[in-house]
$ cat protein.cif   # mmCIF, C-alpha atoms
data_entry
#
loop_
_atom_site.label_atom_id
_atom_site.label_comp_id
_atom_site.auth_asym_id
_atom_site.auth_seq_id
_atom_site.Cartn_x
_atom_site.Cartn_y
_atom_site.Cartn_z
CA MET A 22 -7.93 13.09 18.91
CA ASN A 23 -5.80 12.57 22.03
CA GLY A 24 -2.31 13.90 22.59
CA ASP A 25 -0.63 10.49 22.24
CA LEU A 26 -1.89 10.13 18.68
CA ILE A 27 -0.73 13.61 17.74
CA THR A 28 2.67 12.85 19.29
CA ALA A 29 2.85 9.64 17.25
CA ALA A 30 2.16 11.56 14.04
CA LEU A 31 4.75 14.21 14.89
CA LEU A 32 7.29 11.51 15.69
CA GLY A 33 6.58 9.83 12.36
CA PHE A 34 7.00 13.10 10.50
CA ALA A 35 10.12 14.37 12.25
CA ALA A 36 11.96 11.04 12.39
CA THR A 37 11.27 10.23 8.73
CA LEU A 38 12.40 13.68 7.63
CA GLY A 39 15.62 13.29 9.60
CA PHE A 40 16.28 9.79 8.27
CA LEU A 41 15.63 10.97 4.69
CA VAL A 42 18.23 13.73 4.94
CA VAL A 43 20.86 11.40 6.43
CA LEU A 44 20.19 8.42 4.15
CA ALA A 45 20.12 10.54 0.99
CA LYS A 46 23.72 11.55 1.67
CA GLY A 47 24.84 7.93 1.89
CA ALA A 48 22.62 6.50 -0.86
CA SER A 49 25.33 6.53 -3.49
CA SER A 50 27.78 4.56 -1.37
CA LEU A 51 25.02 2.04 -0.64
CA GLY A 52 24.20 1.71 -4.33
CA LEU A 53 20.62 2.85 -3.69
CA ILE A 54 20.36 5.25 -6.61
CA ASP A 55 17.68 5.23 -9.32
CA SER A 56 18.92 6.46 -12.69
CA PRO A 57 16.70 7.27 -15.69
CA ASN A 58 16.24 4.71 -18.48
CA GLU A 59 13.75 3.90 -21.23
CA ARG A 60 11.10 2.98 -18.65
CA LYS A 61 11.99 5.46 -15.90
CA GLN A 62 11.85 8.98 -17.24
CA HIS A 63 12.67 11.07 -14.19
CA ILE A 64 15.45 13.65 -14.26
CA GLY A 65 18.79 12.81 -12.67
CA ALA A 66 19.86 10.10 -10.22
CA VAL A 67 17.54 9.93 -7.21
CA PRO A 68 18.24 8.16 -3.87
CA LEU A 69 16.05 5.09 -3.26
CA VAL A 70 15.87 5.59 0.50
CA GLY A 71 12.29 6.72 1.17
CA GLY A 72 11.15 3.26 2.19
CA LEU A 73 14.21 2.73 4.35
CA ALA A 74 13.52 6.01 6.17
CA ILE A 75 9.89 5.03 6.86
CA PHE A 76 11.04 1.59 8.05
CA LEU A 77 13.54 3.11 10.49
CA THR A 78 10.81 5.39 11.81
CA LEU A 79 8.46 2.45 12.41
CA LEU A 80 11.31 0.51 14.01
CA LEU A 81 12.06 3.47 16.29
CA LYS A 82 8.40 3.78 17.32
CA ALA A 83 8.05 0.04 17.99
CA THR A 84 11.30 -0.03 20.00
CA LEU A 85 10.23 2.97 22.08
CA TRP A 86 6.89 1.28 22.79
CA LEU A 87 8.55 -1.95 23.91
CA SER A 88 11.04 -0.08 26.08
CA THR A 89 8.39 1.98 27.86
CA HIS A 90 5.75 -0.72 28.41
CA GLN A 91 6.29 -3.67 30.71
CA ALA A 92 5.51 -7.06 29.20
CA VAL A 93 3.77 -8.06 32.41
CA ASP A 94 1.34 -5.16 32.03
CA TYR A 95 0.76 -5.46 28.29
CA PRO A 96 1.38 -9.15 27.46
CA GLN A 97 -1.27 -9.16 24.72
CA PHE A 98 0.67 -6.52 22.74
CA VAL A 99 4.23 -7.84 23.05
CA THR A 100 3.96 -10.70 20.54
CA PRO A 101 2.19 -8.55 17.91
CA ALA A 102 4.84 -5.82 18.34
CA ILE A 103 7.76 -8.22 17.97
CA THR A 104 6.08 -9.99 15.05
CA PHE A 105 5.51 -6.64 13.38
CA ILE A 106 9.18 -5.66 13.82
CA VAL A 107 10.41 -8.98 12.41
CA CYS A 108 8.06 -8.86 9.41
CA ILE A 109 8.71 -5.26 8.37
CA THR A 110 12.44 -5.91 8.76
CA LEU A 111 12.32 -8.95 6.47
CA LEU A 112 10.15 -7.11 3.95
CA THR A 113 12.36 -4.02 3.95
CA VAL A 114 15.60 -5.99 3.66
CA SER A 115 14.26 -7.93 0.67
CA GLY A 116 13.03 -4.67 -0.87
CA VAL A 117 16.38 -2.93 -0.37
CA LEU A 118 18.19 -5.92 -1.91
CA ASP A 119 15.79 -5.70 -4.87
CA ASP A 120 16.43 -1.96 -5.20
CA ARG A 121 20.19 -2.59 -5.08
CA PHE A 122 20.56 -5.73 -7.17
CA ASN A 123 17.28 -5.98 -9.15
CA LEU A 124 16.42 -9.46 -7.86
CA PRO A 125 14.67 -12.07 -10.03
CA VAL A 126 10.95 -12.61 -9.60
CA LEU A 127 11.12 -15.85 -7.58
CA PRO A 128 13.05 -14.57 -4.52
CA ARG A 129 10.86 -11.46 -4.45
CA VAL A 130 7.67 -13.52 -4.50
CA LEU A 131 8.94 -16.03 -1.93
CA SER A 132 10.04 -13.28 0.48
CA GLU A 133 6.62 -11.62 0.35
CA ILE A 134 4.77 -14.91 0.83
CA PHE A 135 7.09 -15.83 3.70
CA VAL A 136 6.48 -12.51 5.49
CA ALA A 137 2.73 -12.80 4.97
CA GLY A 138 2.76 -16.37 6.25
CA VAL A 139 4.80 -15.55 9.35
CA PHE A 140 2.62 -12.57 10.25
CA THR A 141 -0.65 -14.41 9.70
CA ALA A 142 0.37 -17.65 11.41
CA THR A 143 1.96 -15.98 14.44
CA LEU A 144 -1.00 -13.72 15.18
CA GLY A 145 -3.75 -16.05 13.95
CA LEU A 146 -5.03 -13.16 11.87
CA ASN A 147 -7.01 -15.13 9.29
CA ILE A 148 -9.84 -13.92 7.10
CA THR A 149 -12.58 -16.41 7.91
CA SER A 150 -15.61 -14.69 6.37
CA LEU A 151 -16.21 -12.86 3.09
CA GLY A 152 -19.71 -11.73 4.01
CA ASN A 153 -22.73 -12.28 1.80
CA LEU A 154 -20.84 -11.48 -1.40
CA LEU A 155 -23.00 -13.55 -3.73
CA GLY A 156 -26.38 -12.99 -2.09
CA THR A 157 -26.63 -16.65 -1.14
CA GLY A 158 -25.60 -16.34 2.49
CA ASN A 159 -22.43 -15.60 4.42
CA VAL A 160 -19.35 -17.11 2.76
CA GLN A 161 -17.36 -18.81 5.52
CA LEU A 162 -13.83 -20.03 4.88
CA PRO A 163 -12.78 -23.26 6.63
CA PRO A 164 -9.48 -23.14 8.60
CA GLY A 165 -7.63 -25.00 5.85
CA VAL A 166 -8.63 -22.31 3.36
CA ALA A 167 -8.61 -19.20 5.55
CA PHE A 168 -4.84 -19.23 6.17
CA PRO A 169 -3.65 -19.56 2.54
CA PHE A 170 -6.37 -17.14 1.41
CA THR A 171 -5.16 -14.53 3.91
CA VAL A 172 -1.56 -15.01 2.75
CA ILE A 173 -2.68 -14.50 -0.85
CA VAL A 174 -4.51 -11.32 0.16
CA PHE A 175 -1.35 -9.97 1.82
CA PHE A 176 0.76 -10.92 -1.20
CA GLY A 177 -1.70 -9.38 -3.65
CA VAL A 178 -2.08 -6.04 -1.87
CA ILE A 179 1.68 -5.69 -1.27
CA ASN A 180 2.28 -6.19 -4.99
CA ALA A 181 -0.60 -3.91 -5.96
CA PHE A 182 1.01 -1.02 -4.07
CA ASN A 183 4.42 -1.93 -5.44
CA MET A 184 3.17 -1.90 -9.02
CA LEU A 185 1.46 1.46 -8.50
CA ASP A 186 4.77 3.17 -7.74
CA GLY A 187 5.46 4.91 -11.04
CA ILE A 188 5.12 8.66 -10.56
CA ASP A 189 6.06 10.99 -7.74
CA GLY A 190 3.75 10.92 -4.76
CA GLN A 191 1.30 8.28 -5.94
CA VAL A 192 1.86 5.35 -3.57
CA ALA A 193 2.32 7.57 -0.51
CA ALA A 194 -0.79 9.63 -1.32
CA VAL A 195 -2.88 6.54 -2.08
CA THR A 196 -1.73 5.10 1.26
CA LEU A 197 -2.87 8.25 3.04
CA LEU A 198 -6.26 8.19 1.32
CA SER A 199 -6.73 4.49 2.07
CA LEU A 200 -5.92 4.90 5.77
CA VAL A 201 -8.22 7.91 6.07
CA GLY A 202 -10.93 6.05 4.14
CA MET A 203 -10.60 3.12 6.51
CA THR A 204 -11.22 5.41 9.49
CA VAL A 205 -14.18 7.13 7.84
CA ILE A 206 -15.92 3.94 6.70
CA THR A 207 -15.45 1.97 9.93
CA GLY A 208 -15.86 4.82 12.40
CA ILE A 209 -12.88 3.36 14.28
CA GLY A 210 -10.38 5.98 15.42
CA PRO A 211 -6.83 5.83 14.06
CA SER A 212 -4.27 3.67 15.86
CA HIS A 213 -0.77 4.73 16.86
CA LEU A 214 0.56 2.80 13.88
CA THR A 215 -1.78 4.65 11.54
CA MET A 216 -0.72 8.03 12.91
CA VAL A 217 3.00 7.23 12.67
CA VAL A 218 2.52 6.12 9.07
CA LEU A 219 0.50 9.24 8.27
CA GLY A 220 3.27 11.46 9.64
CA ALA A 221 5.97 9.43 7.89
CA THR A 222 4.27 9.48 4.49
CA LEU A 223 3.65 13.22 4.74
CA ALA A 224 7.37 13.73 5.40
CA PHE A 225 8.23 11.51 2.44
CA LEU A 226 5.85 13.45 0.19
CA LEU A 227 7.71 16.67 1.02
CA SER A 228 10.87 14.99 -0.21
CA ASN A 229 9.42 13.11 -3.17
CA LEU A 230 7.45 16.04 -4.57
CA GLY A 231 10.34 18.48 -4.16
CA VAL A 232 8.39 20.87 -1.95
CA SER A 233 11.54 22.40 -0.46
CA GLN A 234 15.02 22.76 -1.88
CA HIS A 235 16.39 22.06 1.60
CA ILE A 236 14.92 18.53 1.59
CA PRO A 237 16.63 16.07 -0.79
CA LYS A 238 14.41 14.39 -3.38
CA THR A 239 14.03 10.66 -2.77
CA PHE A 240 12.04 7.71 -4.10
CA LEU A 241 10.29 5.04 -2.05
CA GLY A 242 11.92 2.16 -3.86
CA ASP A 243 10.50 -1.35 -3.78
CA ALA A 244 11.25 -1.45 -0.05
CA GLY A 245 8.94 1.51 0.56
CA SER A 246 6.05 0.63 -1.73
CA LYS A 247 5.93 -2.92 -0.36
CA LEU A 248 6.16 -1.67 3.21
CA LEU A 249 3.25 0.76 2.75
CA GLY A 250 1.19 -1.95 1.04
CA PHE A 251 1.89 -4.25 3.99
CA ILE A 252 0.80 -1.57 6.49
CA VAL A 253 -2.47 -0.98 4.64
CA VAL A 254 -3.37 -4.65 4.24
CA LEU A 255 -2.52 -5.58 7.83
CA SER A 256 -4.72 -2.70 9.02
CA LEU A 257 -7.59 -3.88 6.83
CA VAL A 258 -7.23 -7.54 7.83
CA ARG A 259 -6.91 -6.66 11.52
CA ILE A 260 -10.21 -4.78 11.46
CA SER A 261 -11.96 -7.23 9.10
CA ALA A 262 -10.97 -10.16 11.29
CA GLY A 263 -12.84 -8.56 14.17
CA ARG A 264 -9.80 -7.52 16.15
CA GLN A 265 -11.26 -4.07 16.54
CA ALA A 266 -14.83 -3.28 17.47
CA PRO A 267 -17.32 -1.64 17.49
CA SER A 268 -18.26 -1.84 13.85
CA GLY A 269 -15.51 -3.86 12.23
CA LEU A 270 -15.14 -3.77 8.47
CA GLU A 271 -17.10 -5.65 5.85
CA PRO A 272 -14.68 -7.37 3.43
CA VAL A 273 -16.48 -5.73 0.51
CA SER A 274 -15.81 -2.29 2.00
CA ALA A 275 -12.12 -3.16 2.21
CA LEU A 276 -12.14 -3.62 -1.57
CA PHE A 277 -13.29 -0.03 -2.10
CA ILE A 278 -10.58 1.27 0.25
CA ILE A 279 -7.80 -0.21 -1.90
CA ALA A 280 -9.63 -0.10 -5.22
CA LEU A 281 -7.15 1.85 -7.35
CA PRO A 282 -4.10 -0.36 -6.59
CA LEU A 283 -6.22 -3.49 -7.17
CA TYR A 284 -7.75 -2.20 -10.41
CA ASP A 285 -4.36 -1.18 -11.76
CA MET A 286 -2.66 -4.46 -10.81
CA VAL A 287 -5.34 -6.73 -12.24
CA TYR A 288 -5.77 -4.75 -15.46
CA VAL A 289 -2.04 -4.46 -16.15
CA SER A 290 -1.38 -8.12 -15.28
CA VAL A 291 -4.13 -9.39 -17.57
CA ARG A 292 -2.98 -7.04 -20.35
CA ARG A 293 0.55 -8.39 -20.07
CA MET A 294 -0.55 -12.02 -20.09
CA ALA A 295 -2.80 -11.35 -23.11
CA ARG A 296 0.35 -10.23 -24.90
CA GLY A 297 2.20 -13.41 -23.93
CA ARG A 298 4.28 -11.76 -21.19
CA SER A 299 4.76 -12.43 -17.50
CA PRO A 300 2.42 -10.44 -15.22
CA PHE A 301 5.55 -9.51 -13.23
CA SER A 302 7.36 -7.98 -16.22
CA ALA A 303 7.81 -4.22 -16.07
CA ASP A 304 6.34 -1.92 -18.71
CA ARG A 305 4.70 1.48 -19.16
CA GLY A 306 1.12 0.22 -19.17
CA HIS A 307 -0.08 1.49 -15.80
CA LEU A 308 -2.79 4.10 -15.26
CA HIS A 309 -0.26 6.84 -14.52
CA HIS A 310 1.52 6.07 -17.79
CA LEU A 311 -1.77 6.20 -19.67
CA LEU A 312 -2.71 9.54 -18.12
CA GLN A 313 0.62 10.99 -19.20
CA GLN A 314 0.29 9.51 -22.68
CA VAL A 315 -3.01 11.32 -23.19
CA GLY A 316 -1.30 14.61 -22.38
CA LEU A 317 -1.39 15.14 -18.61
CA SER A 318 1.71 16.31 -16.79
CA PRO A 319 3.00 14.02 -13.99
CA ARG A 320 1.42 16.26 -11.33
CA ARG A 321 -1.94 16.34 -13.12
CA ALA A 322 -1.77 12.59 -13.69
CA LEU A 323 -1.20 12.19 -9.96
CA LEU A 324 -4.16 14.44 -9.18
CA ALA A 325 -6.42 12.55 -11.60
CA ALA A 326 -5.46 9.20 -10.07
CA LEU A 327 -6.07 10.48 -6.53
CA ILE A 328 -9.45 11.92 -7.50
CA LEU A 329 -10.44 8.55 -8.97
CA HIS A 330 -9.27 6.70 -5.86
CA SER A 331 -11.09 9.17 -3.58
CA PHE A 332 -14.29 8.81 -5.60
CA ILE A 333 -14.27 5.02 -5.30
CA ILE A 334 -13.60 5.21 -1.54
CA LEU A 335 -16.49 7.67 -1.15
CA LEU A 336 -18.67 5.35 -3.20
CA GLY A 337 -17.83 2.53 -0.80
CA TYR A 338 -18.58 4.79 2.15
CA ALA A 339 -21.97 5.81 0.73
CA LEU A 340 -22.96 2.20 0.03
CA ASN A 341 -21.87 1.12 3.50
CA ALA A 342 -23.61 4.04 5.22
CA ALA A 343 -26.83 3.33 3.31
CA GLN A 344 -26.57 -0.32 4.41
CA VAL A 345 -26.85 -1.54 0.84
CA ALA A 346 -26.79 -5.33 0.58
CA THR A 347 -23.28 -6.79 0.47
CA ALA A 348 -23.92 -8.57 -2.82
CA THR A 349 -25.06 -5.30 -4.40
CA GLN A 350 -21.96 -3.51 -3.11
CA PHE A 351 -19.79 -6.23 -4.59
CA GLY A 352 -21.64 -5.89 -7.88
CA VAL A 353 -21.00 -2.13 -7.87
CA PHE A 354 -17.32 -2.75 -7.17
CA LEU A 355 -17.05 -5.17 -10.11
CA ALA A 356 -19.02 -2.81 -12.36
CA SER A 357 -16.66 0.02 -11.44
CA PHE A 358 -13.72 -2.20 -12.31
CA GLY A 359 -15.36 -3.01 -15.64
CA LEU A 360 -15.73 0.71 -16.40
CA TYR A 361 -12.11 1.26 -15.39
CA CYS A 362 -10.93 -1.47 -17.77
CA LEU A 363 -13.12 -0.10 -20.59
CA MET A 364 -11.75 3.41 -20.08
CA CYS A 365 -8.15 2.20 -20.10
CA GLN A 366 -8.59 -0.11 -23.07
CA GLN A 367 -10.32 2.53 -25.18
CA ASN A 368 -7.64 5.11 -24.47
CA TRP A 369 -4.80 2.70 -25.21
CA TRP A 370 -6.56 1.75 -28.46
CA HIS A 371 -6.89 5.39 -29.52
CA LEU A 372 -3.26 6.06 -28.63
CA GLY A 373 -2.21 3.07 -30.71
CA ARG A 374 -4.14 4.33 -33.72
CA ARG A 375 -2.37 7.69 -33.52
CA GLN A 376 1.07 6.12 -33.76
#
$ encode --input "protein.cif" --output "structure tokens"
Amino acid sequence: MNGDLITAALLGFAATLGFLVVLAKGASSLGLIDSPNERKQHIGAVPLVGGLAIFLTLLLKATLWLSTHQAVDYPQFVTPAITFIVCITLLTVSGVLDDRFNLPVLPRVLSEIFVAGVFTATLGLNITSLGNLLGTGNVQLPPGVAFPFTVIVFFGVINAFNMLDGIDGQVAAVTLLSLVGMTVITGIGPSHLTMVVLGATLAFLLSNLGVSQHIPKTFLGDAGSKLLGFIVVLSLVRISAGRQAPSGLEPVSALFIIALPLYDMVYVSVRRMARGRSPFSADRGHLHHLLQQVGLSPRRALLAALILHSFIILLGYALNAAQVATATQFGVFLASFGLYCLMCQQNWWHLGRRQ
């Protein structure tokens, strides 16, 4: 790993830590405080500034890059950098407003779709192939389908990470595992963005998990969970769309990399709709809630979830390394999801019988 990448990680770590300390002091005046209620069972009021700190770190890194590289020398990177800044700004602002005012579903959904649409349309970063998912040949998406499909993918993954944010450390740690898994499966070295995010999320974890009494405890907030989901999905789409060689990334492998957020989102959404509720309504039906209901402490629930996510990523890596047919890999992914649903449903059923 070269020195520039290490510097990027150190910048991400140090800047985020500094922003967390400063923002935590002003969180109350900004109204960015999360207080316990019947659904949120943490202790005390906690600043919702983790996502804002990570955003400011990414903004700092992007600004430094633009200020130190001449557009005439790096014209191919200027538009992506500016587009990235605009999109993470829009996403973070909408997330902060949601954290502050608890926005209705419609403006939240529209803001995420808008950001996904702007990013995809500006960079032409469309998913045009799904690989041989069904064993009947490569599934190619025509231009009229590729764009809306890519927007839906962005929207879905952003929300999957947002919905997973329910216990300390989970979204940040899942983000770390997903980014590392992406590097391992593709064999493509980490980018500067990846390293900054790795450093930033490590700094946030120190705060969120209460590792040191000198670092204030903070939460990601909707701004942070959506931002990390956006970073992960744009990295996956960028590689899947062939923007990075040598090996690229099979779409089916991307599913394994973000399996836990996807499994949790789909299972919880279907469970809510089966009960006549909106899939966007909040409840305590997520995996981390289930793990705590069966008797695990929050830290052990976090560990169990991360072990499960790591196992699925390693499964995807093994299938990819063994060059198993794409359709078979997709079948394994769906079978794993079926087992996940069965495990959750059985445990919820047993818990219901006890009450």
$ closest_residue --input "protein.cif" --among "A:Phe251, A:Tyr288, A:Trp369, A:Phe176" --to "Ile109 (chain A)" --atoms "all atoms listed in the file"
A:Phe251
$ closest_residue --input "protein.cif" --among "A:Asn159, A:Asn229, A:Ser318, A:Ser199" --to "Ile278 (chain A)" --atoms "only C-alpha atoms"
A:Ser199
$ residues_around --input "protein.cif" --residues "Ile328 (chain A)" --least-positions-apart "3" --cutoff "12 Å" --atoms "only C-alpha atoms" --output "PyMOL selection string"
chain A and resi 191+194-195+198+281+321-325+331-335
$ closest_residue --input "protein.cif" --among "A:Val70, A:Val166, A:Leu311, A:Val99" --to "Val42 (chain A)" --atoms "all atoms listed in the file"
A:Val70
$ residues_around --input "protein.cif" --residues "Val258 (chain A)" --least-positions-apart "6" --cutoff "8 Å" --atoms "all atoms listed in the file" --output "PyMOL selection string"
chain A and resi 146-148
$ closest_residue --input "protein.cif" --among "A:Leu144, A:Leu257, A:Val160, A:Ile106" --to "Phe175 (chain A)" --atoms "only C-alpha atoms"
A:Leu257
$ resolve_selection --input "protein.cif" --expression "the PyMOL selection byres ((chain A and resi 219) around 9)" --output "PyMOL selection string"
chain A and resi 30+33-34+196-197+200+214-218+220-224
